[in-house]
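Dropping query05.cif in here (mmCIF, C-alpha atoms):
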```cif
data_final
#
loop_
_atom_site.label_atom_id
_atom_site.label_comp_id
_atom_site.auth_asym_id
_atom_site.auth_seq_id
_atom_site.Cartn_x
_atom_site.Cartn_y
_atom_site.Cartn_z
CA MET T 12 -45.93 22.76 1.19
CA ARG T 13 -43.91 22.98 -2.00
CA LYS T 14 -40.94 24.36 -0.08
CA LEU T 15 -40.84 21.14 1.91
CA THR T 16 -41.01 18.90 -1.14
CA VAL T 17 -37.49 19.45 -2.50
CA PRO T 18 -35.60 18.98 0.79
CA ALA T 19 -37.76 15.96 1.56
CA LEU T 20 -36.91 14.50 -1.83
CA TRP T 21 -33.16 14.99 -1.28
CA LEU T 22 -33.36 13.52 2.17
CA SER T 23 -35.26 10.51 0.86
CA VAL T 24 -32.71 9.86 -1.87
CA ASP T 25 -29.79 10.20 0.56
CA LEU T 26 -31.36 7.93 3.14
CA ALA T 27 -32.22 5.36 0.47
CA LEU T 28 -28.61 5.39 -0.77
CA ILE T 29 -27.19 4.93 2.69
CA ALA T 30 -29.74 2.30 3.65
CA ALA T 31 -28.92 0.38 0.48
CA GLY T 32 -25.25 0.42 1.19
CA THR T 33 -24.75 0.16 4.93
CA SER T 34 -24.45 -3.60 4.87
CA ALA T 35 -21.10 -2.89 3.24
CA GLN T 36 -17.83 -2.29 5.04
CA ALA T 37 -15.66 0.71 4.37
CA HIS T 38 -12.06 1.85 4.69
CA ALA T 39 -10.54 0.57 7.93
CA LEU T 40 -9.12 3.58 9.78
CA LEU T 41 -7.24 3.48 13.05
CA ASP T 42 -9.67 4.32 15.83
CA HIS T 43 -7.29 3.99 18.77
CA ALA T 44 -4.18 2.14 19.85
CA SER T 45 -2.50 0.80 22.97
CA PRO T 46 0.07 2.20 23.62
CA GLY T 47 -1.68 5.32 22.43
CA VAL T 48 -0.69 7.34 19.39
CA GLY T 49 2.04 9.78 20.44
CA SER T 50 1.92 8.58 24.05
CA SER T 51 4.71 8.31 26.60
CA ILE T 52 4.62 5.29 28.87
CA ALA T 53 6.84 3.98 31.64
CA THR T 54 7.29 0.43 30.39
CA ALA T 55 6.37 -1.48 27.27
CA PRO T 56 3.20 -3.57 27.46
CA PRO T 57 3.49 -7.21 26.36
CA VAL T 58 1.13 -6.59 23.44
CA LEU T 59 0.58 -3.71 21.06
CA SER T 60 -3.06 -3.43 20.05
CA LEU T 61 -4.63 -1.45 17.22
CA SER T 62 -8.40 -0.97 16.96
CA PHE T 63 -9.89 -0.09 13.60
CA THR T 64 -13.19 1.35 12.44
CA GLN T 65 -13.94 -1.68 10.25
CA GLU T 66 -13.37 -5.41 10.25
CA LEU T 67 -10.06 -6.57 8.78
CA GLU T 68 -9.03 -9.24 6.32
CA PRO T 69 -6.67 -11.24 8.59
CA ALA T 70 -4.46 -12.49 5.75
CA PHE T 71 -3.63 -8.93 4.72
CA ALA T 72 -3.23 -7.27 8.11
CA ASN T 73 0.25 -6.53 9.33
CA VAL T 74 2.00 -4.31 11.85
CA THR T 75 5.65 -3.81 12.71
CA VAL T 76 7.38 -1.91 15.51
CA THR T 77 10.84 -0.45 14.96
CA ASN T 78 13.25 1.39 17.24
CA GLU T 79 15.10 4.63 16.57
CA ALA T 80 17.76 2.76 14.60
CA GLY T 81 15.09 1.33 12.31
CA GLN T 82 15.49 -2.19 13.69
CA ARG T 83 12.38 -4.26 14.03
CA VAL T 84 11.65 -5.07 17.68
CA ASP T 85 8.20 -6.69 17.74
CA LEU T 86 7.80 -10.45 18.11
CA GLY T 87 6.57 -10.89 14.52
CA ASN T 88 3.33 -12.56 15.55
CA ALA T 89 0.83 -10.00 14.26
CA GLN T 90 -2.69 -11.35 14.15
CA VAL T 91 -6.34 -10.43 14.07
CA PRO T 92 -7.61 -12.24 17.16
CA PRO T 93 -10.64 -14.50 16.69
CA GLY T 94 -13.74 -12.72 17.95
CA THR T 95 -12.31 -9.21 17.50
CA PRO T 96 -12.17 -8.80 13.72
CA ALA T 97 -11.46 -5.06 13.87
CA GLU T 98 -8.38 -5.43 16.04
CA LEU T 99 -4.76 -6.12 15.16
CA ARG T 100 -2.23 -7.21 17.80
CA VAL T 101 1.44 -7.97 17.93
CA GLY T 102 3.61 -9.11 20.85
CA LEU T 103 6.35 -6.91 22.27
CA PRO T 104 9.44 -7.99 24.18
CA PRO T 105 10.68 -5.91 27.12
CA LEU T 106 11.85 -2.72 25.42
CA PRO T 107 14.47 -0.24 26.59
CA PRO T 108 13.62 3.46 26.85
CA GLY T 109 13.31 5.12 23.48
CA THR T 110 10.95 6.20 20.75
CA TYR T 111 9.32 3.48 18.70
CA THR T 112 7.52 3.64 15.38
CA VAL T 113 4.46 1.53 14.68
CA SER T 114 3.73 0.92 10.99
CA TRP T 115 0.54 -0.84 9.99
CA ARG T 116 -1.10 -1.85 6.76
CA VAL T 117 -4.49 -3.52 6.61
CA VAL T 118 -7.21 -4.42 4.15
CA SER T 119 -10.81 -4.13 5.27
CA VAL T 120 -13.12 -7.02 4.47
CA ASP T 121 -14.44 -5.16 1.43
CA THR T 122 -10.85 -5.00 0.04
CA HIS T 123 -10.08 -1.31 0.74
CA PRO T 124 -6.38 -1.04 1.73
CA THR T 125 -5.24 1.53 4.28
CA GLU T 126 -1.97 2.17 6.05
CA GLY T 127 -0.44 4.37 8.68
CA HIS T 128 2.29 4.88 11.21
CA PHE T 129 2.74 6.59 14.55
CA GLN T 130 5.18 6.77 17.41
CA PHE T 131 5.15 6.12 21.14
CA THR T 132 7.86 6.64 23.71
CA ILE T 133 9.00 4.49 26.59
CA GLY T 134 10.61 5.79 29.74
CA ARG T 135 11.38 9.40 28.79
CA MET K 15 -12.50 39.40 -33.21
CA MET K 16 -11.36 36.85 -35.75
CA SER K 17 -7.95 36.52 -34.13
CA SER K 18 -9.61 36.05 -30.75
CA CYS K 19 -11.73 33.33 -32.22
CA ARG K 20 -8.66 31.59 -33.64
CA PHE K 21 -6.95 31.93 -30.27
CA THR K 22 -9.92 30.32 -28.59
CA ILE K 23 -9.92 27.38 -30.97
CA ARG K 24 -6.15 26.98 -30.64
CA ALA K 25 -6.44 27.12 -26.88
CA ALA K 26 -9.19 24.54 -26.95
CA GLY K 27 -6.94 22.32 -29.03
CA ALA K 28 -4.18 22.75 -26.47
CA ALA K 29 -6.59 21.81 -23.73
CA LEU K 30 -7.53 18.62 -25.52
CA ALA K 31 -3.83 17.88 -26.10
CA VAL K 32 -3.13 18.23 -22.39
CA ALA K 33 -5.86 15.74 -21.62
CA THR K 34 -4.67 13.39 -24.36
CA ILE K 35 -1.07 13.46 -23.14
CA GLY K 36 -2.31 12.77 -19.65
CA THR K 37 -4.33 9.77 -20.65
CA ALA K 38 -1.39 8.36 -22.63
CA MET K 39 0.93 8.36 -19.62
CA PRO K 40 1.51 5.12 -17.72
CA PRO K 41 -0.97 4.57 -14.90
CA LYS K 42 0.04 4.88 -11.25
CA HIS K 43 -1.61 3.21 -8.33
CA ALA K 44 -4.65 5.19 -7.32
CA ALA K 45 -6.94 4.57 -4.39
CA ALA K 46 -10.42 6.00 -4.57
CA HIS K 47 -11.68 8.31 -1.93
CA GLY K 48 -8.71 10.65 -1.66
CA PHE K 49 -6.03 8.64 0.13
CA ALA K 50 -2.29 9.19 -0.28
CA GLY K 51 -0.48 6.95 2.17
CA GLN K 52 -2.06 7.54 5.56
CA ARG K 53 -3.48 10.91 4.51
CA PHE K 54 -7.19 11.18 3.79
CA PHE K 55 -8.16 14.18 1.70
CA PRO K 56 -11.86 14.99 2.07
CA ALA K 57 -13.83 16.17 -0.94
CA THR K 58 -13.75 19.94 -0.68
CA ILE K 59 -16.66 22.13 -1.73
CA LEU K 60 -14.96 24.92 -3.69
CA THR K 61 -11.64 23.38 -4.71
CA ASP K 62 -11.70 20.55 -7.24
CA ASP K 63 -10.40 17.33 -5.73
CA PRO K 64 -6.93 16.06 -6.74
CA PHE K 65 -8.14 12.47 -6.99
CA VAL K 66 -10.49 10.36 -9.07
CA ALA K 67 -13.30 8.98 -6.97
CA ASP K 68 -16.66 7.28 -6.75
CA GLU K 69 -18.65 9.88 -4.90
CA VAL K 70 -21.78 11.95 -5.26
CA SER K 71 -22.71 15.33 -3.82
CA LEU K 72 -26.40 15.08 -3.15
CA PRO K 73 -26.94 17.98 -2.94
CA THR K 74 -24.81 21.09 -2.58
CA VAL K 75 -26.95 24.02 -1.47
CA THR K 76 -25.42 27.44 -2.06
CA ARG K 77 -26.61 30.88 -1.11
CA PRO K 78 -24.07 33.14 -2.86
CA PRO K 79 -23.39 36.66 -1.61
CA THR K 80 -25.80 39.26 -2.95
CA GLY K 81 -24.92 40.24 -6.51
CA LEU K 82 -23.59 43.60 -7.62
CA ASP K 83 -27.06 44.39 -8.94
CA ARG K 84 -28.47 43.31 -5.54
CA SER K 85 -29.92 40.14 -7.03
CA GLN K 86 -30.18 37.14 -4.76
CA GLU K 87 -29.68 33.54 -5.72
CA LEU K 88 -30.15 30.05 -4.34
CA ASP K 89 -28.49 27.06 -6.03
CA LEU K 90 -29.02 23.32 -5.60
CA ASP K 91 -26.42 21.20 -7.36
CA VAL K 92 -25.89 17.49 -7.84
CA ASP K 93 -22.47 16.20 -8.85
CA LEU K 94 -21.33 12.66 -9.53
CA ALA K 95 -17.69 11.54 -9.73
CA LYS K 96 -17.07 8.05 -11.12
CA ARG K 97 -13.97 6.08 -11.92
CA ILE K 98 -13.77 4.46 -15.35
CA THR K 99 -10.49 2.73 -14.52
CA PRO K 100 -8.52 3.02 -11.26
CA ASP K 101 -6.78 6.12 -12.65
CA LEU K 102 -9.30 7.59 -15.06
CA GLY K 103 -12.53 9.17 -13.94
CA PHE K 104 -15.30 11.45 -15.04
CA THR K 105 -17.59 13.92 -13.36
CA ILE K 106 -21.03 15.16 -14.31
CA GLY K 107 -23.19 17.70 -12.59
CA GLN K 108 -26.15 19.97 -13.00
CA GLY K 109 -27.75 22.59 -10.85
CA TRP K 110 -31.09 24.16 -10.17
CA THR K 111 -31.12 27.90 -9.58
CA HIS K 112 -33.56 30.40 -8.16
CA LEU K 113 -32.59 33.95 -9.12
CA LYS K 114 -34.35 36.98 -7.67
CA PRO K 115 -33.29 40.30 -9.23
CA LYS K 116 -33.96 43.36 -7.10
CA ASP K 117 -37.51 44.67 -7.53
CA MET K 118 -38.28 42.04 -10.15
CA PRO K 119 -39.99 38.66 -10.12
CA GLY K 120 -37.77 35.69 -9.46
CA ALA K 121 -36.94 32.99 -11.98
CA THR K 122 -36.09 29.35 -11.49
CA GLY K 123 -34.64 26.65 -13.69
CA LEU K 124 -31.64 24.56 -14.55
CA SER K 125 -28.16 26.00 -14.69
CA GLY K 126 -25.68 24.60 -17.20
CA LEU K 127 -24.64 20.96 -17.39
CA HIS K 128 -20.95 20.44 -16.67
CA THR K 129 -18.82 17.38 -17.20
CA GLY K 130 -15.18 16.49 -16.72
CA LEU K 131 -12.61 13.85 -17.55
CA GLN K 132 -9.76 13.37 -15.07
CA TYR K 133 -6.57 11.36 -15.01
CA GLN K 134 -4.64 10.56 -11.83
CA LEU K 135 -1.07 11.57 -12.61
CA PHE K 136 0.44 10.23 -9.40
CA VAL K 137 -0.24 9.16 -5.83
CA ASP K 138 2.81 9.43 -3.59
CA GLY K 139 1.94 7.74 -0.30
CA PRO K 140 5.11 8.44 1.71
CA HIS K 141 4.95 12.14 0.83
CA GLU K 142 1.14 12.34 0.99
CA ALA K 143 1.01 13.91 -2.46
CA LEU K 144 -1.51 13.66 -5.27
CA GLY K 145 -1.63 15.05 -8.78
CA LEU K 146 -4.41 15.02 -11.34
CA ILE K 147 -5.07 16.61 -14.70
CA GLY K 148 -8.48 17.07 -16.19
CA LEU K 149 -10.58 18.68 -18.82
CA ASN K 150 -13.87 20.13 -17.65
CA VAL K 151 -16.59 21.22 -20.04
CA GLY K 152 -19.49 23.57 -19.34
CA TRP K 153 -22.09 22.85 -21.97
CA ALA K 154 -24.00 25.54 -23.81
CA HIS K 155 -27.78 25.73 -23.80
CA THR K 156 -28.20 23.06 -21.13
CA GLY K 157 -29.73 25.50 -18.68
CA ARG K 158 -32.18 28.36 -18.71
CA VAL K 159 -30.14 30.89 -20.64
CA ALA K 160 -32.34 33.97 -20.92
CA ALA K 161 -33.83 34.09 -17.44
CA LEU K 162 -30.95 32.75 -15.33
CA GLY K 163 -27.85 33.58 -17.32
CA ALA K 164 -27.01 29.92 -17.90
CA PRO K 165 -24.26 29.68 -20.53
CA ASP K 166 -25.05 29.89 -24.24
CA VAL K 167 -21.48 28.94 -24.97
CA THR K 168 -19.58 25.72 -24.36
CA THR K 169 -16.44 26.31 -22.29
CA LEU K 170 -13.42 24.03 -22.14
CA SER K 171 -11.42 24.16 -18.92
CA PRO K 172 -8.18 22.19 -18.62
CA THR K 173 -7.09 21.88 -15.00
CA LEU K 174 -4.20 20.71 -12.88
CA ASN K 175 -5.20 19.67 -9.38
CA PHE K 176 -2.79 18.79 -6.60
CA GLY K 177 -2.77 17.81 -2.97
CA LYS K 178 -0.04 17.64 -0.34
CA GLY K 179 -0.17 16.56 3.27
CA PHE K 180 2.40 17.82 5.75
CA GLY K 181 2.91 14.43 7.40
CA ASP K 182 6.59 14.37 6.48
CA LEU K 183 7.43 17.43 8.58
CA ALA K 184 10.18 17.09 11.20
CA PRO K 185 9.25 15.61 14.60
CA GLU K 186 9.54 18.99 16.35
CA LEU K 187 6.76 20.23 14.07
CA ALA K 188 4.54 17.25 14.79
CA TYR K 189 1.43 19.30 15.52
CA LEU K 190 1.64 20.86 12.05
CA ARG K 191 1.52 17.44 10.39
CA PRO K 192 -2.29 17.33 10.26
CA PHE K 193 -2.21 20.27 7.84
CA ALA K 194 -2.76 19.59 4.15
CA VAL K 195 -3.32 21.70 1.12
CA THR K 196 -5.11 21.00 -2.14
CA GLY K 197 -5.17 23.33 -5.09
CA ASN K 198 -6.23 23.96 -8.67
CA LEU K 199 -4.75 25.76 -11.61
CA GLY K 200 -6.87 26.00 -14.73
CA PHE K 201 -8.10 28.01 -17.66
CA ASP K 202 -11.48 28.66 -19.23
CA PHE K 203 -11.63 28.73 -23.00
CA PRO K 204 -15.09 29.62 -24.32
CA THR K 205 -15.72 28.23 -27.78
CA LYS K 206 -17.48 31.46 -28.78
CA THR K 207 -15.88 34.85 -28.28
CA GLU K 208 -19.03 36.74 -27.42
CA SER K 209 -22.59 36.26 -26.32
CA ALA K 210 -25.33 38.85 -26.84
CA GLY K 211 -22.73 41.46 -27.70
CA ALA K 212 -20.64 40.90 -24.58
CA PRO K 213 -17.22 39.26 -24.77
CA ASN K 214 -16.67 35.81 -23.31
CA PRO K 215 -13.23 36.16 -21.71
CA ASN K 216 -10.65 33.45 -21.36
CA ASN K 217 -10.04 33.05 -17.64
CA PHE K 218 -7.26 31.87 -15.39
CA ASN K 219 -8.66 30.01 -12.39
CA TYR K 220 -6.61 29.37 -9.29
CA GLY K 221 -7.41 28.41 -5.76
CA PHE K 222 -6.55 26.22 -2.84
CA ALA K 223 -7.90 24.67 0.32
CA LEU K 224 -5.92 24.59 3.56
CA GLU K 225 -7.20 22.01 6.01
CA TYR K 226 -6.28 20.76 9.47
CA SER K 227 -7.32 17.15 9.89
CA LEU K 228 -8.32 16.15 13.41
CA PRO K 229 -8.63 12.50 12.24
CA TYR K 230 -4.98 12.71 11.18
CA LEU K 231 -3.99 14.25 14.49
CA GLN K 232 -5.72 11.40 16.31
CA CYS K 233 -4.46 8.50 14.23
CA CYS K 234 -0.99 9.54 13.34
CA VAL K 235 0.40 12.27 15.60
CA LYS K 236 -1.12 12.33 19.08
CA ASP K 237 -4.29 10.82 20.46
CA ILE K 238 -5.57 13.79 22.43
CA GLY K 239 -8.70 11.95 23.48
CA LEU K 240 -11.13 13.29 20.92
CA ARG K 241 -14.02 10.98 20.23
CA GLU K 242 -16.76 11.06 17.63
CA PRO K 243 -18.10 13.29 16.23
CA PHE K 244 -15.19 15.65 17.04
CA SER K 245 -12.50 13.18 16.01
CA ARG K 246 -13.79 13.33 12.43
CA LEU K 247 -13.82 17.09 11.98
CA ILE K 248 -11.64 18.83 9.43
CA PRO K 249 -11.62 22.64 9.72
CA LEU K 250 -10.54 24.30 6.50
CA VAL K 251 -10.47 27.48 4.51
CA GLU K 252 -10.89 27.54 0.75
CA ILE K 253 -9.90 30.39 -1.53
CA ALA K 254 -10.56 30.66 -5.27
CA PHE K 255 -10.01 33.37 -7.85
CA THR K 256 -10.91 33.85 -11.49
CA THR K 257 -8.87 36.34 -13.51
CA PRO K 258 -9.82 37.23 -17.08
CA ILE K 259 -6.80 37.01 -19.38
CA ALA K 260 -8.27 37.68 -22.81
CA ARG K 261 -11.29 39.68 -23.98
CA SER K 262 -11.46 41.00 -20.46
CA GLU K 263 -12.97 44.40 -21.22
CA GLY K 264 -15.00 45.56 -18.26
CA THR K 265 -14.28 42.52 -16.12
CA GLN K 266 -11.90 42.04 -13.23
CA THR K 267 -10.64 39.34 -10.92
CA ILE K 268 -13.30 37.85 -8.73
CA GLY K 269 -13.04 35.34 -5.93
CA THR K 270 -14.26 34.08 -2.63
CA ILE K 271 -12.78 33.04 0.69
CA GLN K 272 -14.68 30.21 2.33
CA PRO K 273 -13.88 29.20 5.91
CA GLY K 274 -15.76 26.15 7.10
CA ILE K 275 -15.70 22.64 8.42
CA ILE K 276 -16.14 19.12 7.08
CA TRP K 277 -17.29 16.15 9.11
CA SER K 278 -16.15 12.96 7.45
CA GLY K 279 -18.01 9.80 8.43
CA THR K 280 -17.76 6.23 7.25
CA TYR K 281 -20.14 6.49 4.31
CA PHE K 282 -20.65 10.20 3.84
CA GLN K 283 -19.39 13.61 4.77
CA ILE K 284 -21.14 16.88 5.54
CA GLY K 285 -19.51 20.22 4.84
CA ALA K 286 -20.52 23.78 5.60
CA GLU K 287 -18.73 26.99 4.67
CA ALA K 288 -19.31 30.72 4.77
CA ILE K 289 -18.78 32.55 1.47
CA LEU K 290 -16.93 35.85 1.69
CA PRO K 291 -16.41 37.82 -1.53
CA VAL K 292 -12.89 39.17 -1.99
CA ASN K 293 -14.00 42.40 -3.66
CA LYS K 294 -17.11 44.29 -4.73
CA ALA K 295 -17.11 42.61 -8.12
CA SER K 296 -17.48 39.27 -6.33
CA GLY K 297 -20.63 40.25 -4.46
CA ARG K 298 -21.92 41.99 -1.38
CA GLY K 299 -22.20 40.71 2.17
CA PHE K 300 -21.65 37.04 2.66
CA GLY K 301 -23.24 33.78 1.68
CA GLY K 302 -23.06 30.16 2.71
CA VAL K 303 -22.92 26.65 1.34
CA VAL K 304 -23.69 23.22 2.76
CA GLN K 305 -22.99 19.91 1.11
CA PHE K 306 -24.00 16.32 1.71
CA HIS K 307 -21.45 14.09 0.03
CA VAL K 308 -21.73 10.31 -0.27
CA TYR K 309 -18.82 7.86 -0.69
CA LEU K 310 -20.10 5.38 -3.27
CA ASP K 311 -16.95 3.25 -3.01
CA ASP K 312 -17.67 2.61 0.66
CA LEU K 313 -21.42 2.21 0.28
CA PHE K 314 -21.20 -0.12 -2.73
CA PRO K 315 -17.66 -1.55 -2.72
CA ARG K 316 -18.51 -4.53 -4.91
CA SER K 317 -20.72 -2.82 -7.49
CA LEU K 318 -21.29 0.89 -8.13
CA GLY K 319 -18.25 1.87 -6.09
CA LYS K 320 -15.79 -0.01 -8.26
CA PRO K 321 -14.22 1.42 -11.42
CA ILE K 322 -16.37 0.65 -14.44
CA SER K 323 -13.50 -1.37 -15.92
CA GLU K 324 -13.85 -3.78 -12.99
CA TRP K 325 -17.60 -4.31 -13.21
#
```
In structure tokens, what does this structure look like?
Amino acid sequence: MRKLTVPALWLSVDLALIAAGTSAQAHALLDHASPGVGSSIATAPPVLSLSFTQELEPAFANVTVTNEAGQRVDLGNAQVPPGTPAELRVGLPPLPPGTYTVSWRVVSVDTHPTEGHFQFTIGR
Amino acid sequence: MMSSCRFTIRAAGAALAVATIGTAMPPKHAAAHGFAGQRFFPATILTDDPFVADEVSLPTVTRPPTGLDRSQELDLDVDLAKRITPDLGFTIGQGWTHLKPKDMPGATGLSGLHTGLQYQLFVDGPHEALGLIGLNVGWAHTGRVAALGAPDVTTLSPTLNFGKGFGDLAPELAYLRPFAVTGNLGFDFPTKTESAGAPNPNNFNYGFALEYSLPYLQCCVKDIGLREPFSRLIPLVEIAFTTPIARSEGTQTIGTIQPGIIWSGTYFQIGAEAILPVNKASGRGFGGVVQFHVYLDDLFPRSLGKPISEW
């Protein structure tokens, strides 16, 4: 009986901590993207979409797409669409074959900033 | 003996100076929770973290390898890391130990209280690099000294902790980018040269953790289709050594190699590692450790998880 007491106590404390805090949001990490991280696709989609693990603060969410020369190629209309607060989108023009770098920086609704970058390739 | 004592006091002074110099340096941007750019460094079990944080290990359960004298031990530890300012943090921890010498009754009780003060030297996002200096203190007579071997001497341990992600490797090495390393260099300076007739050596501590982050692979290199829980796994191996450098009569380098895995969730992480002694002096057979580690900054972002200076 006593052997069960200590683990039960730890478990109770841990569960209480998590239960007390899970109404909070956490760091927003990239869950998946379209085009996918490191993917090769035939043609550029009209929109690049990033899905995060937490809801974003729209005013502080941004994403850019650059080509191999470092020139920005996205349409500059990054936004967190209404109704999908954990998603960030930006429009893409028709893009020639090449490797493109996506750089994003967001702030989750609890003010944690995160950032990242990845590449995708068109037509190779 | 007297000269050793003077050396110890001088060394302790140097340790305090290191910490003082560190705290006097201009602050750099520091994000809690072990981020440098897009790199997330999990809290490792054996290797001290190279970042200040708001986290608690609740608990760490360790079954060390069998001792040289064939004694067996079980440890339960609780450790709290808390930021005072965005760049300055402290740690505090205490353990409970059950020690069972061979052919003798077992004993249980508290092990020594240990505290630390850390300063974030730098966070370099583009190069995924972190640096931290700290001064850890193991406090005398805060555990059960006679029965469990808890320290009867306060020990000062200045440390330099670092972390580096490999995200800036060349494109042809893309699949090596999820690798990262964290490490520690430090010294132990006991404030008393001997206890019960045995010398308390000064020690050089060094170790590192090599990890391969599947979350990093997924988010930043190539989405290979992993989904939870596998997409949050970080396999790693940790290695740590302690080498006596003064008053080392009868002692030798000891250390462990600890392969394992960490699962990092939104609010907590779970880690498990095997413990393999590097030589006979480090133990016999193998042991194991599991840790439940909570991210206070994610659980309580507007209260407990903020630096105290921002409360």
(message) For a test of reading the model, state the distance in Å between atom CA of Pro104 of chain T and atom CA of Leu67 of chain T, rounded to one decimal.
(response) 24.9 Å
Centre, x/y/z edge lengths, axis-aligned box for segment 116-122 of chain K with 4 Å per side, as AutoDock Vina command-line options:
```
--center_x -37.0 --center_y 37.0 --center_z -9.5 --size_x 14.0 --size_y 23.3 --size_z 12.9
```
(request) Could you list, as a PyMOL selection string, the residues of chain K having an atom within 10 Å of chain T when counting only C-alpha atoms? (result) chain K and resi 45-47+49-54+71-73+90+139-140+188+229-239+241-242+245+280-282+306-316
(request) Would you work out the distance separating atom CA of Ile275 of chain K from atom CA of Leu94 of chain K, expressed in Å to one decimal? (result) 21.3 Å
(request) Using the chain letters and residue numbers of this document, give as a list in words the residues selected by the PyMOL selection byres ((chain K and resi 197) around 6). (result) Asn175, Phe176, Thr196, Asn198, Gly221 and Phe222 of chain K
Taking the file as shown, what set of residues would the PyMOL selection byres ((chain T and resi 84-97) around 9) give back, as an mmCIF file with C-alpha atoms, in the coordinates of the input?
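The result, written out as selection07.cif:
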```
data_model
loop_
_atom_site.group_PDB
_atom_site.id
_atom_site.type_symbol
_atom_site.label_atom_id
_atom_site.label_comp_id
_atom_site.auth_asym_id
_atom_site.auth_seq_id
_atom_site.Cartn_x
_atom_site.Cartn_y
_atom_site.Cartn_z
ATOM 1 C CA ALA T 39 -10.540 0.570 7.930
ATOM 2 C CA LEU T 59 0.580 -3.710 21.060
ATOM 3 C CA LEU T 61 -4.630 -1.450 17.220
ATOM 4 C CA SER T 62 -8.400 -0.970 16.960
ATOM 5 C CA PHE T 63 -9.890 -0.090 13.600
ATOM 6 C CA THR T 64 -13.190 1.350 12.440
ATOM 7 C CA GLN T 65 -13.940 -1.680 10.250
ATOM 8 C CA GLU T 66 -13.370 -5.410 10.250
ATOM 9 C CA LEU T 67 -10.060 -6.570 8.780
ATOM 10 C CA GLU T 68 -9.030 -9.240 6.320
ATOM 11 C CA PRO T 69 -6.670 -11.240 8.590
ATOM 12 C CA ALA T 70 -4.460 -12.490 5.750
ATOM 13 C CA ALA T 72 -3.230 -7.270 8.110
ATOM 14 C CA ASN T 73 0.250 -6.530 9.330
ATOM 15 C CA VAL T 74 2.000 -4.310 11.850
ATOM 16 C CA THR T 75 5.650 -3.810 12.710
ATOM 17 C CA VAL T 76 7.380 -1.910 15.510
ATOM 18 C CA THR T 77 10.840 -0.450 14.960
ATOM 19 C CA ASN T 78 13.250 1.390 17.240
ATOM 20 C CA GLN T 82 15.490 -2.190 13.690
ATOM 21 C CA ARG T 83 12.380 -4.260 14.030
ATOM 22 C CA GLU T 98 -8.380 -5.430 16.040
ATOM 23 C CA LEU T 99 -4.760 -6.120 15.160
ATOM 24 C CA ARG T 100 -2.230 -7.210 17.800
ATOM 25 C CA VAL T 101 1.440 -7.970 17.930
ATOM 26 C CA GLY T 102 3.610 -9.110 20.850
ATOM 27 C CA LEU T 103 6.350 -6.910 22.270
ATOM 28 C CA PRO T 104 9.440 -7.990 24.180
ATOM 29 C CA LEU T 106 11.850 -2.720 25.420
ATOM 30 C CA TYR T 111 9.320 3.480 18.700
ATOM 31 C CA SER T 119 -10.810 -4.130 5.270
#
```
(request) Expand the PyMOL selection byres ((chain K and resi 268) around 7) into the individual residues it matches in the shown file, reporting them as an MDAnalysis selection string. (result) chainID K and resid 255:257 266:267 269 292:293 295:296
(request) Find the spatial neighbours of Ile52 of chain T, counting only C-alpha atoms, within a cut-off of 7 Å - ignore same-chain residues fewer than 4 positions away - and output them as a list of chain:residue names. (result)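 Returned residues: T:Thr132, T:Ile133, T:Gly134.
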Generate a file of the selected residues that holds C-alpha atoms, formatted as a JSON list (two decimals), in the frame of the given file.
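Contents of selection-v5.json, freshly written:
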```
[["chain", "number", "residue", "atom", "x", "y", "z"],
["T", 132, "THR", "CA", 7.86, 6.64, 23.71],
["T", 133, "ILE", "CA", 9.00, 4.49, 26.59],
["T", 134, "GLY", "CA", 10.61, 5.79, 29.74]]
```
(message) Give me, as a ChimeraX atom specification, all polymer residues having an atom no more than 6 Å from Thr129 of chain K, counting only C-alpha atoms and skipping those fewer than 3 positions away in the same chain.
(response) /K:105-106,150-151
Would you mind putting N, CA and C atoms back on segment 175-182 of chain K and writing the result as an mmCIF file, in the coordinates of the input?
```
data_model
loop_
_atom_site.group_PDB
_atom_site.id
_atom_site.type_symbol
_atom_site.label_atom_id
_atom_site.label_comp_id
_atom_site.auth_asym_id
_atom_site.auth_seq_id
_atom_site.Cartn_x
_atom_site.Cartn_y
_atom_site.Cartn_z
ATOM 1 N N ASN K 175 -4.833 19.690 -10.789
ATOM 2 C CA ASN K 175 -5.200 19.670 -9.380
ATOM 3 C C ASN K 175 -4.120 18.943 -8.589
ATOM 4 N N PHE K 176 -3.845 19.412 -7.399
ATOM 5 C CA PHE K 176 -2.790 18.790 -6.600
ATOM 6 C C PHE K 176 -3.173 18.780 -5.126
ATOM 7 N N GLY K 177 -2.559 17.883 -4.407
ATOM 8 C CA GLY K 177 -2.770 17.810 -2.970
ATOM 9 C C GLY K 177 -1.480 17.418 -2.276
ATOM 10 N N LYS K 178 -1.259 17.968 -1.096
ATOM 11 C CA LYS K 178 -0.040 17.640 -0.340
ATOM 12 C C LYS K 178 -0.335 17.696 1.144
ATOM 13 N N GLY K 179 -0.077 16.584 1.818
ATOM 14 C CA GLY K 179 -0.170 16.560 3.270
ATOM 15 C C GLY K 179 1.177 16.890 3.869
ATOM 16 N N PHE K 180 1.157 17.405 5.100
ATOM 17 C CA PHE K 180 2.400 17.820 5.750
ATOM 18 C C PHE K 180 2.915 16.755 6.721
ATOM 19 N N GLY K 181 2.534 15.515 6.491
ATOM 20 C CA GLY K 181 2.910 14.430 7.400
ATOM 21 C C GLY K 181 4.385 14.126 7.440
ATOM 22 N N ASP K 182 5.147 14.638 6.472
ATOM 23 C CA ASP K 182 6.590 14.370 6.480
ATOM 24 C C ASP K 182 7.381 15.510 7.115
#
```
